[in-house]
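input16.cif follows (mmCIF, C-alpha atoms):
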```
data_start
#
loop_
_atom_site.label_atom_id
_atom_site.label_comp_id
_atom_site.auth_asym_id
_atom_site.auth_seq_id
_atom_site.Cartn_x
_atom_site.Cartn_y
_atom_site.Cartn_z
CA MET I 292 -6.52 -1.32 28.51
CA MET I 293 -9.33 -2.14 26.14
CA LEU I 294 -6.87 -2.13 23.23
CA ILE I 295 -4.57 -4.58 25.00
CA ARG I 296 -7.54 -6.88 25.58
CA THR I 297 -8.63 -6.55 21.98
CA LEU I 298 -5.14 -7.33 20.67
CA ALA I 299 -4.79 -10.24 23.07
CA ALA I 300 -8.21 -11.62 22.16
CA ALA I 301 -7.48 -11.27 18.45
CA GLY I 302 -4.20 -13.05 19.10
CA LEU I 303 -5.89 -15.95 20.82
CA ILE I 304 -8.44 -16.32 18.09
CA ALA I 305 -5.72 -16.22 15.46
CA LEU I 306 -3.71 -18.78 17.41
CA MET I 307 -6.64 -21.14 17.65
CA SER I 308 -7.77 -20.66 14.07
CA GLY I 309 -4.27 -20.87 12.63
CA CYS I 310 -4.65 -17.47 10.96
CA ALA I 311 -1.98 -14.78 10.72
CA HIS I 312 -2.61 -11.09 11.26
CA GLU I 313 -2.15 -9.14 8.04
CA ILE I 314 0.06 -6.05 8.18
CA SER I 315 1.46 -3.66 5.60
CA LEU I 316 5.15 -2.77 5.52
CA THR I 317 4.61 0.35 3.40
CA GLY I 318 4.01 3.09 5.97
CA ASP I 319 3.82 6.82 5.33
CA THR I 320 5.99 7.40 2.26
CA SER I 321 5.96 11.18 2.78
CA LYS I 322 8.31 10.59 5.72
CA LEU I 323 10.94 8.68 3.72
CA PRO I 324 14.41 10.25 3.81
CA THR I 325 15.47 12.40 0.87
CA LEU I 326 18.87 13.26 -0.62
CA SER I 327 20.52 16.66 -0.68
CA SER I 328 22.28 15.89 -3.96
CA ALA I 329 20.68 16.06 -7.42
CA PRO I 330 19.66 12.73 -8.96
CA LEU I 331 22.04 11.03 -11.39
CA ASP I 332 21.10 11.59 -15.02
CA LYS I 333 20.24 7.93 -15.60
CA THR I 334 17.12 5.95 -16.46
CA VAL I 335 16.67 2.80 -14.42
CA ALA I 336 14.08 0.04 -14.28
CA LEU I 337 12.99 -1.50 -11.00
CA VAL I 338 12.13 -5.12 -11.80
CA ILE I 339 9.56 -6.77 -9.51
CA THR I 340 7.72 -9.70 -11.03
CA GLN I 341 4.03 -10.43 -10.57
CA GLU I 342 4.94 -13.62 -8.72
CA GLN I 343 7.07 -11.62 -6.27
CA SER I 344 4.33 -9.02 -5.78
CA THR I 345 1.77 -11.62 -4.73
CA ARG I 346 4.18 -13.63 -2.57
CA GLU I 347 2.99 -13.78 1.05
CA VAL I 348 5.45 -14.13 3.90
CA ILE I 349 4.51 -15.22 7.42
CA THR I 350 6.81 -14.53 10.37
CA PRO I 351 6.39 -14.52 14.16
CA GLY I 352 4.49 -11.86 16.09
CA GLY I 353 3.87 -11.72 19.83
CA GLY I 354 2.16 -14.21 22.13
CA GLY I 355 2.82 -17.12 19.78
CA ASP I 356 0.94 -15.43 16.93
CA LYS I 357 2.07 -14.79 13.39
CA VAL I 358 1.92 -11.84 11.02
CA SER I 359 1.53 -12.01 7.26
CA TYR I 360 2.53 -9.49 4.61
CA HIS I 361 3.64 -9.14 0.98
CA PRO I 362 7.18 -7.73 1.14
CA TYR I 363 7.72 -7.12 -2.59
CA HIS I 364 4.31 -5.50 -2.99
CA ASP I 365 4.70 -3.43 0.16
CA LEU I 366 8.23 -2.23 -0.61
CA GLU I 367 7.50 -1.43 -4.24
CA LEU I 368 6.39 2.16 -3.58
CA PRO I 369 9.10 3.05 -1.02
CA LEU I 370 11.75 1.61 -3.37
CA TYR I 371 10.30 3.45 -6.36
CA ILE I 372 10.34 6.75 -4.43
CA GLU I 373 13.86 6.33 -3.05
CA LEU I 374 15.25 5.28 -6.45
CA GLY I 375 13.61 8.43 -7.79
CA HIS I 376 15.82 10.42 -5.42
CA VAL I 377 18.95 8.70 -6.74
CA PHE I 378 18.16 8.50 -10.48
CA LYS I 379 16.44 11.02 -12.71
CA ASN I 380 14.03 8.53 -14.31
CA VAL I 381 12.65 5.37 -12.73
CA LYS I 382 10.39 2.87 -14.45
CA LYS I 383 8.85 -0.23 -13.02
CA LEU I 384 8.83 -3.50 -14.93
CA LYS I 385 7.04 -6.77 -14.13
CA THR I 386 9.45 -8.90 -16.14
CA ALA I 387 13.09 -8.70 -17.12
CA PRO I 388 13.14 -6.38 -20.12
CA THR I 389 13.73 -7.48 -23.68
CA ALA I 390 16.27 -5.69 -25.86
CA ASP I 391 13.38 -3.75 -27.42
CA THR I 392 12.14 -2.61 -23.98
CA VAL I 393 15.63 -1.47 -23.03
CA ARG I 394 15.95 0.49 -26.25
CA GLU I 395 12.47 2.05 -26.15
CA ASN I 396 12.88 3.16 -22.53
CA HIS I 397 16.53 4.20 -22.90
CA LEU I 398 17.41 2.16 -19.83
CA ASP I 399 20.88 2.61 -18.34
CA TYR I 400 20.50 0.14 -15.48
CA LEU I 401 18.20 -2.62 -14.28
CA ILE I 402 17.66 -2.94 -10.52
CA VAL I 403 16.53 -6.28 -9.11
CA PRO I 404 15.77 -6.37 -5.38
CA THR I 405 15.83 -9.39 -3.08
CA ILE I 406 13.96 -8.91 0.19
CA THR I 407 14.20 -10.96 3.37
CA THR I 408 12.54 -10.17 6.67
CA THR I 409 12.51 -11.21 10.30
CA SER I 410 10.12 -10.31 13.09
CA SER I 411 9.73 -11.01 16.78
CA SER I 412 8.07 -9.73 19.92
CA HIS I 413 8.88 -10.01 23.59
CA SER I 414 5.21 -9.60 24.45
CA LEU I 415 3.27 -12.63 25.66
CA VAL I 416 -0.04 -10.82 25.38
CA THR I 417 -0.20 -8.70 22.21
CA TRP I 418 0.43 -9.96 18.68
CA PRO I 419 2.05 -7.01 16.79
CA PRO I 420 5.82 -7.47 16.36
CA THR I 421 7.96 -5.23 18.55
CA ASP I 422 11.06 -5.86 16.42
CA PHE I 423 11.29 -6.16 12.68
CA SER I 424 14.11 -6.27 10.17
CA VAL I 425 14.14 -5.83 6.41
CA THR I 426 17.22 -6.90 4.49
CA LEU I 427 17.35 -5.50 1.02
CA ALA I 428 19.88 -6.68 -1.55
CA CYS I 429 19.79 -4.83 -4.85
CA THR I 430 21.69 -5.99 -7.87
CA VAL I 431 22.27 -3.32 -10.48
CA THR I 432 23.08 -4.58 -13.97
CA ASP I 433 23.63 -2.86 -17.27
CA PRO I 434 21.25 -3.61 -20.17
CA THR I 435 23.43 -6.52 -21.30
CA GLY I 436 22.99 -8.21 -17.91
CA GLN I 437 26.50 -7.43 -16.69
CA GLU I 438 26.55 -6.73 -12.95
CA VAL I 439 27.52 -3.15 -12.15
CA VAL I 440 27.16 -3.21 -8.38
CA THR I 441 25.29 -5.03 -5.62
CA LYS I 442 24.30 -3.34 -2.40
CA LYS I 443 22.93 -5.05 0.66
CA VAL I 444 21.46 -3.19 3.62
CA THR I 445 19.41 -4.09 6.67
CA GLY I 446 16.81 -1.82 8.19
CA ASN I 447 15.58 -2.31 11.73
CA GLY I 448 12.42 -1.17 13.44
CA HIS I 449 11.41 -1.34 17.08
CA ALA I 450 8.10 -0.30 18.60
CA GLU I 451 6.69 -0.81 22.07
CA PHE I 452 2.99 -1.04 22.83
CA SER I 453 2.69 2.67 23.65
CA GLN I 454 4.07 3.43 20.17
CA PHE I 455 2.28 0.82 18.05
CA LYS I 456 -1.16 1.06 19.64
CA HIS I 457 -2.26 3.39 16.82
CA ASN I 458 -0.35 1.54 14.08
CA LEU I 459 0.03 -2.18 14.63
CA ALA I 460 2.60 -2.50 11.85
CA LEU I 461 4.83 0.31 13.15
CA ALA I 462 7.99 -1.76 13.79
CA ALA I 463 7.75 -3.21 10.27
CA GLN I 464 7.19 0.18 8.68
CA LEU I 465 10.11 1.71 10.58
CA ALA I 466 12.31 -1.14 9.36
CA THR I 467 11.18 -0.57 5.78
CA ALA I 468 11.93 3.16 5.94
CA ASP I 469 15.32 2.44 7.50
CA ALA I 470 16.20 -0.12 4.81
CA VAL I 471 15.18 1.93 1.77
CA GLY I 472 16.86 5.02 3.25
CA LYS I 473 20.13 3.11 3.67
CA LEU I 474 19.86 1.66 0.17
CA GLN I 475 19.29 5.13 -1.24
CA ASP I 476 22.50 6.37 0.43
CA GLU I 477 24.50 3.34 -0.74
CA LEU I 478 23.40 3.77 -4.36
CA ALA I 479 23.85 7.53 -4.35
CA ASN I 480 27.44 7.07 -3.16
CA ALA I 481 28.36 4.19 -5.47
CA PRO I 482 31.07 5.39 -7.88
CA GLU I 483 30.20 2.51 -10.26
CA LEU I 484 26.89 4.18 -11.07
CA ARG I 485 28.40 7.53 -11.98
CA LYS I 486 30.19 6.27 -15.07
CA MET D 217 -2.78 -25.81 26.31
CA ALA D 218 -3.94 -25.05 29.87
CA VAL D 219 -2.21 -21.67 29.67
CA ARG D 220 -3.92 -20.92 26.39
CA LEU D 221 -7.29 -21.88 27.85
CA ALA D 222 -6.67 -19.67 30.85
CA ARG D 223 -5.81 -16.77 28.57
CA LEU D 224 -8.98 -17.38 26.60
CA LEU D 225 -11.14 -17.35 29.72
CA LEU D 226 -9.40 -14.30 31.15
CA ILE D 227 -9.78 -12.15 28.11
CA GLY D 228 -12.64 -13.78 26.31
CA ALA D 229 -15.29 -12.08 28.40
CA PRO D 230 -14.08 -8.51 27.91
CA ALA D 231 -13.49 -9.26 24.24
CA ALA D 232 -17.06 -10.42 23.88
CA LEU D 233 -18.20 -7.08 25.20
CA LEU D 234 -16.52 -5.31 22.35
CA SER D 235 -19.02 -4.40 19.71
CA ALA D 236 -19.62 -1.82 17.00
CA CYS D 237 -16.03 -0.58 17.07
CA ALA D 238 -15.24 2.23 14.67
CA LEU D 239 -12.20 1.50 12.55
CA VAL D 240 -10.37 3.94 10.32
CA ALA D 241 -9.21 2.81 6.88
CA PRO D 242 -5.45 2.87 6.22
CA GLN D 243 -4.09 6.00 4.58
CA TYR D 244 -4.08 5.52 0.81
CA SER D 245 -0.79 4.30 -0.56
CA PRO D 246 -0.32 5.18 -4.25
CA ASP D 247 0.01 2.29 -6.68
CA VAL D 248 3.22 2.31 -8.73
CA ASP D 249 1.46 0.89 -11.81
CA ASN D 250 -1.11 3.69 -11.59
CA ILE D 251 1.66 6.28 -11.30
CA GLU D 252 3.41 4.78 -14.32
CA THR D 253 0.17 4.84 -16.35
CA LEU D 254 -0.37 8.51 -15.52
CA LYS D 255 3.27 9.32 -16.31
CA SER D 256 2.79 7.79 -19.77
CA VAL D 257 0.18 10.45 -20.66
CA THR D 258 2.74 12.89 -22.02
CA ASN D 259 1.05 16.27 -21.78
CA ALA D 260 -1.45 15.60 -19.03
CA LYS D 261 -2.06 18.22 -16.35
CA ALA D 262 -5.18 18.30 -14.21
CA HIS D 263 -6.58 19.40 -10.92
CA VAL D 264 -8.92 17.47 -8.66
CA GLY D 265 -12.38 18.99 -8.29
CA ALA D 266 -15.33 17.95 -6.16
CA PHE D 267 -15.52 14.31 -5.15
CA ASP D 268 -18.71 13.38 -3.38
CA SER D 269 -20.63 10.28 -2.46
CA THR D 270 -24.28 9.41 -2.93
CA PRO D 271 -25.49 7.47 0.12
CA GLY D 272 -27.69 4.46 -0.47
CA PRO D 273 -27.68 0.68 -0.50
CA GLY D 274 -24.12 -0.50 -1.01
CA ASN D 275 -22.78 2.94 -0.21
CA TYR D 276 -23.37 3.64 3.45
CA TYR D 277 -21.08 5.81 5.54
CA PRO D 278 -19.47 4.64 7.69
CA VAL D 279 -19.13 1.32 5.89
CA PRO D 280 -20.49 -1.62 7.91
CA LEU D 281 -17.97 -4.42 8.57
CA ARG D 282 -20.02 -7.04 10.45
CA ALA D 283 -20.56 -5.43 13.90
CA ASN D 284 -17.93 -2.77 13.21
CA VAL D 285 -17.85 0.24 10.92
CA LEU D 286 -15.11 1.70 8.75
CA ARG D 287 -14.49 5.44 8.41
CA SER D 288 -12.29 7.39 6.05
CA PRO D 289 -9.03 8.75 7.52
CA VAL D 290 -9.56 11.91 5.43
CA GLY D 291 -12.61 14.15 5.06
CA HIS D 292 -16.12 13.02 5.82
CA SER D 293 -16.76 10.22 3.31
CA PHE D 294 -14.99 7.74 1.09
CA GLY D 295 -15.55 10.22 -1.74
CA ASP D 296 -12.93 12.32 0.06
CA TYR D 297 -10.72 9.21 0.33
CA LEU D 298 -11.00 8.69 -3.44
CA ALA D 299 -10.10 12.34 -4.06
CA ASP D 300 -7.09 12.01 -1.77
CA ALA D 301 -6.01 8.84 -3.59
CA MET D 302 -6.20 10.49 -6.99
CA THR D 303 -4.44 13.64 -5.74
CA LYS D 304 -1.55 11.53 -4.40
CA GLU D 305 -1.16 9.58 -7.65
CA LEU D 306 -1.38 12.66 -9.88
CA THR D 307 1.19 14.38 -7.65
CA MET D 308 3.63 11.47 -7.76
CA ALA D 309 3.22 11.23 -11.54
CA GLY D 310 3.95 14.97 -11.85
CA LYS D 311 0.53 15.55 -13.42
CA LEU D 312 -1.24 17.59 -10.74
CA SER D 313 -1.58 21.26 -11.52
CA PRO D 314 -3.99 23.47 -9.56
CA GLN D 315 -3.77 26.01 -12.42
CA SER D 316 -4.81 23.51 -15.09
CA ASP D 317 -8.15 24.06 -16.83
CA VAL D 318 -8.67 20.29 -16.78
CA GLU D 319 -10.80 19.32 -13.80
CA ILE D 320 -11.50 15.76 -12.66
CA LYS D 321 -14.68 15.27 -10.61
CA ALA D 322 -16.26 12.13 -9.25
CA THR D 323 -19.23 10.74 -7.38
CA LEU D 324 -18.82 7.54 -5.44
CA ILE D 325 -21.87 5.39 -6.20
CA LYS D 326 -20.99 2.10 -4.59
CA ASN D 327 -18.56 1.37 -1.77
CA ASP D 328 -19.42 -2.02 -0.37
CA ILE D 329 -17.19 -4.30 1.69
CA ASP D 330 -18.32 -7.87 2.28
CA VAL D 331 -16.59 -9.51 5.24
CA GLY D 332 -17.56 -13.08 4.39
CA ILE D 333 -16.68 -16.17 6.40
CA ALA D 334 -14.44 -17.70 3.74
CA THR D 335 -14.03 -14.91 1.21
CA GLY D 336 -14.11 -11.16 1.60
CA GLY D 337 -14.68 -8.69 -1.18
CA ALA D 338 -14.95 -5.01 -2.01
CA THR D 339 -17.09 -3.55 -4.79
CA LEU D 340 -16.52 0.06 -5.76
CA SER D 341 -18.19 2.11 -8.43
CA ALA D 342 -17.79 5.79 -9.23
CA ARG D 343 -18.87 8.21 -11.92
CA PHE D 344 -15.87 10.18 -13.16
CA ILE D 345 -16.21 13.41 -15.11
CA VAL D 346 -13.42 15.34 -16.81
CA VAL D 347 -14.22 18.95 -17.70
CA ARG D 348 -12.00 21.24 -19.73
CA GLY D 349 -12.87 24.86 -20.32
CA GLY D 350 -16.49 24.19 -19.34
CA GLN D 351 -16.82 21.27 -21.74
CA THR D 352 -17.28 17.71 -20.57
CA ARG D 353 -14.61 15.56 -22.19
CA PHE D 354 -15.20 12.33 -20.26
CA ASP D 355 -18.20 11.02 -18.32
CA LYS D 356 -18.22 7.35 -17.36
CA VAL D 357 -19.03 5.02 -14.50
CA VAL D 358 -16.03 2.87 -13.58
CA SER D 359 -16.28 -0.18 -11.31
CA ALA D 360 -13.82 -2.49 -9.59
CA GLN D 361 -14.05 -5.60 -7.48
CA THR D 362 -11.43 -7.26 -5.30
CA GLN D 363 -11.46 -10.46 -3.26
CA TRP D 364 -9.40 -11.92 -0.44
CA ASP D 365 -9.36 -14.88 1.93
CA SER D 366 -11.47 -14.08 4.97
CA ALA D 367 -12.07 -15.83 8.29
CA PHE D 368 -14.94 -16.83 10.56
CA ALA D 369 -13.54 -14.89 13.51
CA ALA D 370 -14.44 -11.21 13.23
CA MET D 371 -11.25 -10.20 15.05
CA ILE D 372 -9.27 -11.64 12.14
CA ALA D 373 -11.67 -10.98 9.26
CA VAL D 374 -12.51 -7.34 10.02
CA PRO D 375 -8.91 -6.02 10.32
CA LYS D 376 -8.08 -7.99 7.17
CA ALA D 377 -10.95 -6.30 5.30
CA ARG D 378 -9.69 -2.92 6.55
CA GLU D 379 -6.18 -3.67 5.25
CA GLU D 380 -7.55 -4.82 1.88
CA TYR D 381 -9.75 -1.77 1.22
CA PRO D 382 -7.04 0.50 -0.31
CA ALA D 383 -6.28 -2.18 -2.93
CA ALA D 384 -9.86 -1.84 -4.19
CA VAL D 385 -9.40 1.92 -4.56
CA GLN D 386 -6.09 1.31 -6.37
CA LYS D 387 -7.88 -1.04 -8.76
CA LEU D 388 -10.73 1.41 -9.39
CA LEU D 389 -8.31 4.22 -10.24
CA GLY D 390 -6.16 1.83 -12.29
CA GLN D 391 -9.16 0.97 -14.44
CA LEU D 392 -9.96 4.66 -14.90
CA TYR D 393 -6.38 5.53 -15.91
CA ALA D 394 -6.25 2.58 -18.30
CA ASP D 395 -9.20 3.94 -20.27
CA PRO D 396 -7.83 5.60 -23.44
CA ALA D 397 -10.76 8.04 -23.41
CA PHE D 398 -9.78 9.24 -19.92
CA ARG D 399 -6.14 9.60 -20.90
CA GLN D 400 -7.15 11.59 -23.95
CA ALA D 401 -9.46 13.76 -21.84
CA ILE D 402 -6.71 14.85 -19.44
CA GLU D 403 -4.12 15.42 -22.16
#
```
When written as structure tokens, how does the structure in this file appear?
Amino acid sequence: MMLIRTLAAAGLIALMSGCAHEISLTGDTSKLPTLSSAPLDKTVALVITQEQSTREVITPGGGGDKVSYHPYHDLELPLYIELGHVFKNVKKLKTAPTADTVRENHLDYLIVPTITTTSSSHSLVTWPPTDFSVTLACTVTDPTGQEVVTKKVTGNGHAEFSQFKHNLALAAQLATADAVGKLQDELANAPELRK
Amino acid sequence: MAVRLARLLLIGAPAALLSACALVAPQYSPDVDNIETLKSVTNAKAHVGAFDSTPGPGNYYPVPLRANVLRSPVGHSFGDYLADAMTKELTMAGKLSPQSDVEIKATLIKNDIDVGIATGGATLSARFIVVRGGQTRFDKVVSAQTQWDSAFAAMIAVPKAREEYPAAVQKLLGQLYADPAFRQAIE
């Protein structure tokens, strides 16, 4: 009961002050799904720019409140881990690589993610979102910039008060895990990447 | 507006009674840049030794956050949190080896979180020691500071400070890993 009051009070204060409640989408990465197959013998670069990493997104929470987060920053680690299940070597780059970078790192593919999110809550009293979605579109190109394949998946997370009372970002973190798990499966089964 | 006011009155009183709540810091999430830096040290293998914390001004446990306090989700101090953070990053970089004769030890000297009205900040400082075969190969104090937008209302500012704390630990470890002398010491 005290937690409900605390969340409601924090919500009211946020509402009146115009602030958003900060959450992290990352979650416990040790619980991310794995693959039963061996990784492809390829070296890939995950490209997430500094501007993307610092980009803040604000979406609705419950009771008229808002939540804020940094989707590219928060999904960087889950994406890096899941790509590591699909490909033997994964590197992370903050800019699109030059020809020298491609050569030095022996890159086979570049992977550029685009992340969009939605959130909502049916609660009038507590601010954490009860529903969250993460849509992840990943374009895979070869080192010359030629598109090899694009995969788009949506992960969904749902958490009721009894579930999120110990982790206020639970719905968002479930959506993240669902999205990166689906992306992992899509990439692992893409015949275009096995050439 | 009347509904909002009613909500405020209904829950404002119990909320005002809340004081000195104990919060637990988020579990440490490894930083990809830190993992990449560790991966780049070709022949590195190390194990994590004793990480402790020297209590004192700027390094109290639990850490005061206005009327609240922040505890580590692992062990009994933020020295344990730092050890857990390094263990996770070494593991993900494939550089952790319990059998290695390279041991990394640390003492947390400063672990201060300022929950300001406009700006919040964390200041961390730790002495890191790398020992190999009984010989000290690295012994330095490394510090890191982070800042974020804070708020007047404690119910917004304190959870925000809690969420921001792991980024300060990431930065501290990132500065350690970036030191060529450290990389050479664990190689």
Translate the PyMOL selection byres ((chain I and resi 323) around 12) into a concrete residue list for this structure, as a VMD selection string.
chain I and resid 317 to 322 324 to 326 368 to 376 464 to 475
Residue members of the PyMOL selection byres ((chain D and resi 381-389) around 6) in the file shown, as a PyMOL selection string
chain D and resi 244+360+362+378-380+390-392
Out of I:His312, I:Lys333, I:Lys442, I:Lys486, which residue has the shortest atom-to-atom distance to Lys379 (chain I) when counting all atoms listed in the file?
I:Lys333
Go ahead and find all residues with at least one atom no further than 12 Å from (-15.9, 9.8, -14.4) in the file's coordinates, using all atoms listed in the file; report them as a ChimeraX atom specification.
/D:264-268,319-325,341-347,352-359,388-389,391-393,395,397-399,401-402
Option closest in space to Ala390 (chain I), from I:Asp332, I:Asp356, I:Asp422, I:Asp433 [counting only C-alpha atoms]
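Of I:Asp332, I:Asp356, I:Asp422, I:Asp433, the one nearest Ala390 (chain I), counting only C-alpha atoms, is I:Asp433.
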I'd like the neighbourhood of Leu415 (chain I) as an NGL selection string, where a residue qualifies if any of its atoms comes within 8 Å (using all atoms listed in the file), though same-chain residues fewer than 6 positions away should be ignored.
:I and (353-355)
Nearest residue to Lys383 (chain I) out of I:Asn396, I:Thr421, I:Ser328, I:Thr345, using all atoms listed in the file?
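Nearest candidate to Lys383 (chain I) out of I:Asn396, I:Thr421, I:Ser328, I:Thr345: I:Asn396.
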Hits of the PyMOL selection byres ((chain D and resi 256-263) around 9) in this structure, as number ranges by chain
D: 251-255, 264-265, 303, 306, 309-320, 399-403
Might I get the box with edges along x, y and z of the file that holds all atoms of region 359-368 of chain I listed there, padded by 8 Å on every side, given as centre and edge lengths in Å to one decimal, as AutoDock Vina command-line options?
```
--center_x 4.9 --center_y -4.9 --center_z 1.5 --size_x 22.7 --size_y 30.2 --size_z 27.5
```
Quick one: everything within 10 Å of region 271-288 of chain D, counting only C-alpha atoms, minus sequence neighbours fewer than 5 positions away in the same chain. Send it as a ChimeraX atom specification.
/D:234-244,293-298,324-332,339-341,370,373-375,377-378,381
For the residues in that selection, give me C-alpha atoms as a CSV table (one decimal), in the frame of the given file.
```csv
chain,number,residue,atom,x,y,z
D,234,LEU,CA,-16.5,-5.3,22.4
D,235,SER,CA,-19.0,-4.4,19.7
D,236,ALA,CA,-19.6,-1.8,17.0
D,237,CYS,CA,-16.0,-0.6,17.1
D,238,ALA,CA,-15.2,2.2,14.7
D,239,LEU,CA,-12.2,1.5,12.6
D,240,VAL,CA,-10.4,3.9,10.3
D,241,ALA,CA,-9.2,2.8,6.9
D,242,PRO,CA,-5.4,2.9,6.2
D,243,GLN,CA,-4.1,6.0,4.6
D,244,TYR,CA,-4.1,5.5,0.8
D,293,SER,CA,-16.8,10.2,3.3
D,294,PHE,CA,-15.0,7.7,1.1
D,295,GLY,CA,-15.6,10.2,-1.7
D,296,ASP,CA,-12.9,12.3,0.1
D,297,TYR,CA,-10.7,9.2,0.3
D,298,LEU,CA,-11.0,8.7,-3.4
D,324,LEU,CA,-18.8,7.5,-5.4
D,325,ILE,CA,-21.9,5.4,-6.2
D,326,LYS,CA,-21.0,2.1,-4.6
D,327,ASN,CA,-18.6,1.4,-1.8
D,328,ASP,CA,-19.4,-2.0,-0.4
D,329,ILE,CA,-17.2,-4.3,1.7
D,330,ASP,CA,-18.3,-7.9,2.3
D,331,VAL,CA,-16.6,-9.5,5.2
D,332,GLY,CA,-17.6,-13.1,4.4
D,339,THR,CA,-17.1,-3.6,-4.8
D,340,LEU,CA,-16.5,0.1,-5.8
D,341,SER,CA,-18.2,2.1,-8.4
D,370,ALA,CA,-14.4,-11.2,13.2
D,373,ALA,CA,-11.7,-11.0,9.3
D,374,VAL,CA,-12.5,-7.3,10.0
D,375,PRO,CA,-8.9,-6.0,10.3
D,377,ALA,CA,-11.0,-6.3,5.3
D,378,ARG,CA,-9.7,-2.9,6.6
D,381,TYR,CA,-9.8,-1.8,1.2
```
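We find CA of Asp391 (chain I) and CA of Val440 (chain I) to be spaced 23.5 Å apart.
Our summary of the geometry notes that CA of Met371 (chain D) is positioned 13.9 Å from CA of Ala334 (chain D).
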Point-to-point distance in Å for CA of Ala450 (chain I) and CA of His413 (chain I):
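Between these atoms lies a distance of 10.9 Å.
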Which residues, written as a PyMOL selection string, have at least one atom at most 12 Å from region 336-340 of chain I, with all atoms listed in the file counted and residues fewer than 6 positions away on the same chain left out?
(chain I and resi 346+362-375+378-388+392-393+396-406+429-434) or (chain D and resi 248-249+252)
Only C-alpha atoms, please: the residues just picked out, written as an mmCIF file, in the frame of the given file.
```cif
data_model
loop_
_atom_site.group_PDB
_atom_site.id
_atom_site.type_symbol
_atom_site.label_atom_id
_atom_site.label_comp_id
_atom_site.auth_asym_id
_atom_site.auth_seq_id
_atom_site.Cartn_x
_atom_site.Cartn_y
_atom_site.Cartn_z
ATOM 1 C CA ARG I 346 4.180 -13.630 -2.570
ATOM 2 C CA PRO I 362 7.180 -7.730 1.140
ATOM 3 C CA TYR I 363 7.720 -7.120 -2.590
ATOM 4 C CA HIS I 364 4.310 -5.500 -2.990
ATOM 5 C CA ASP I 365 4.700 -3.430 0.160
ATOM 6 C CA LEU I 366 8.230 -2.230 -0.610
ATOM 7 C CA GLU I 367 7.500 -1.430 -4.240
ATOM 8 C CA LEU I 368 6.390 2.160 -3.580
ATOM 9 C CA PRO I 369 9.100 3.050 -1.020
ATOM 10 C CA LEU I 370 11.750 1.610 -3.370
ATOM 11 C CA TYR I 371 10.300 3.450 -6.360
ATOM 12 C CA ILE I 372 10.340 6.750 -4.430
ATOM 13 C CA GLU I 373 13.860 6.330 -3.050
ATOM 14 C CA LEU I 374 15.250 5.280 -6.450
ATOM 15 C CA GLY I 375 13.610 8.430 -7.790
ATOM 16 C CA PHE I 378 18.160 8.500 -10.480
ATOM 17 C CA LYS I 379 16.440 11.020 -12.710
ATOM 18 C CA ASN I 380 14.030 8.530 -14.310
ATOM 19 C CA VAL I 381 12.650 5.370 -12.730
ATOM 20 C CA LYS I 382 10.390 2.870 -14.450
ATOM 21 C CA LYS I 383 8.850 -0.230 -13.020
ATOM 22 C CA LEU I 384 8.830 -3.500 -14.930
ATOM 23 C CA LYS I 385 7.040 -6.770 -14.130
ATOM 24 C CA THR I 386 9.450 -8.900 -16.140
ATOM 25 C CA ALA I 387 13.090 -8.700 -17.120
ATOM 26 C CA PRO I 388 13.140 -6.380 -20.120
ATOM 27 C CA THR I 392 12.140 -2.610 -23.980
ATOM 28 C CA VAL I 393 15.630 -1.470 -23.030
ATOM 29 C CA ASN I 396 12.880 3.160 -22.530
ATOM 30 C CA HIS I 397 16.530 4.200 -22.900
ATOM 31 C CA LEU I 398 17.410 2.160 -19.830
ATOM 32 C CA ASP I 399 20.880 2.610 -18.340
ATOM 33 C CA TYR I 400 20.500 0.140 -15.480
ATOM 34 C CA LEU I 401 18.200 -2.620 -14.280
ATOM 35 C CA ILE I 402 17.660 -2.940 -10.520
ATOM 36 C CA VAL I 403 16.530 -6.280 -9.110
ATOM 37 C CA PRO I 404 15.770 -6.370 -5.380
ATOM 38 C CA THR I 405 15.830 -9.390 -3.080
ATOM 39 C CA ILE I 406 13.960 -8.910 0.190
ATOM 40 C CA CYS I 429 19.790 -4.830 -4.850
ATOM 41 C CA THR I 430 21.690 -5.990 -7.870
ATOM 42 C CA VAL I 431 22.270 -3.320 -10.480
ATOM 43 C CA THR I 432 23.080 -4.580 -13.970
ATOM 44 C CA ASP I 433 23.630 -2.860 -17.270
ATOM 45 C CA PRO I 434 21.250 -3.610 -20.170
ATOM 46 C CA VAL D 248 3.220 2.310 -8.730
ATOM 47 C CA ASP D 249 1.460 0.890 -11.810
ATOM 48 C CA GLU D 252 3.410 4.780 -14.320
#
```
Could you check which of D:Asn250, D:Ser245, D:Ala394, D:Ile333 is closest to Ala369 (chain D), using all atoms listed in the file?
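Counting all atoms listed in the file, the residue closest to Ala369 (chain D) is D:Ile333.
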Which of these, D:Arg348, D:Lys304, D:Thr270, D:Thr335, has the shortest distance to chain I once you count all atoms listed in the file?
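For chain I, the nearest of the given residues is D:Lys304.
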Under the rule that only C-alpha atoms are counted, which of I:Ser414, I:Gln437, I:Ser359, I:Gln343 is the nearest residue to chain D?
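Distance minimum relative to chain D lands on I:Ser359.
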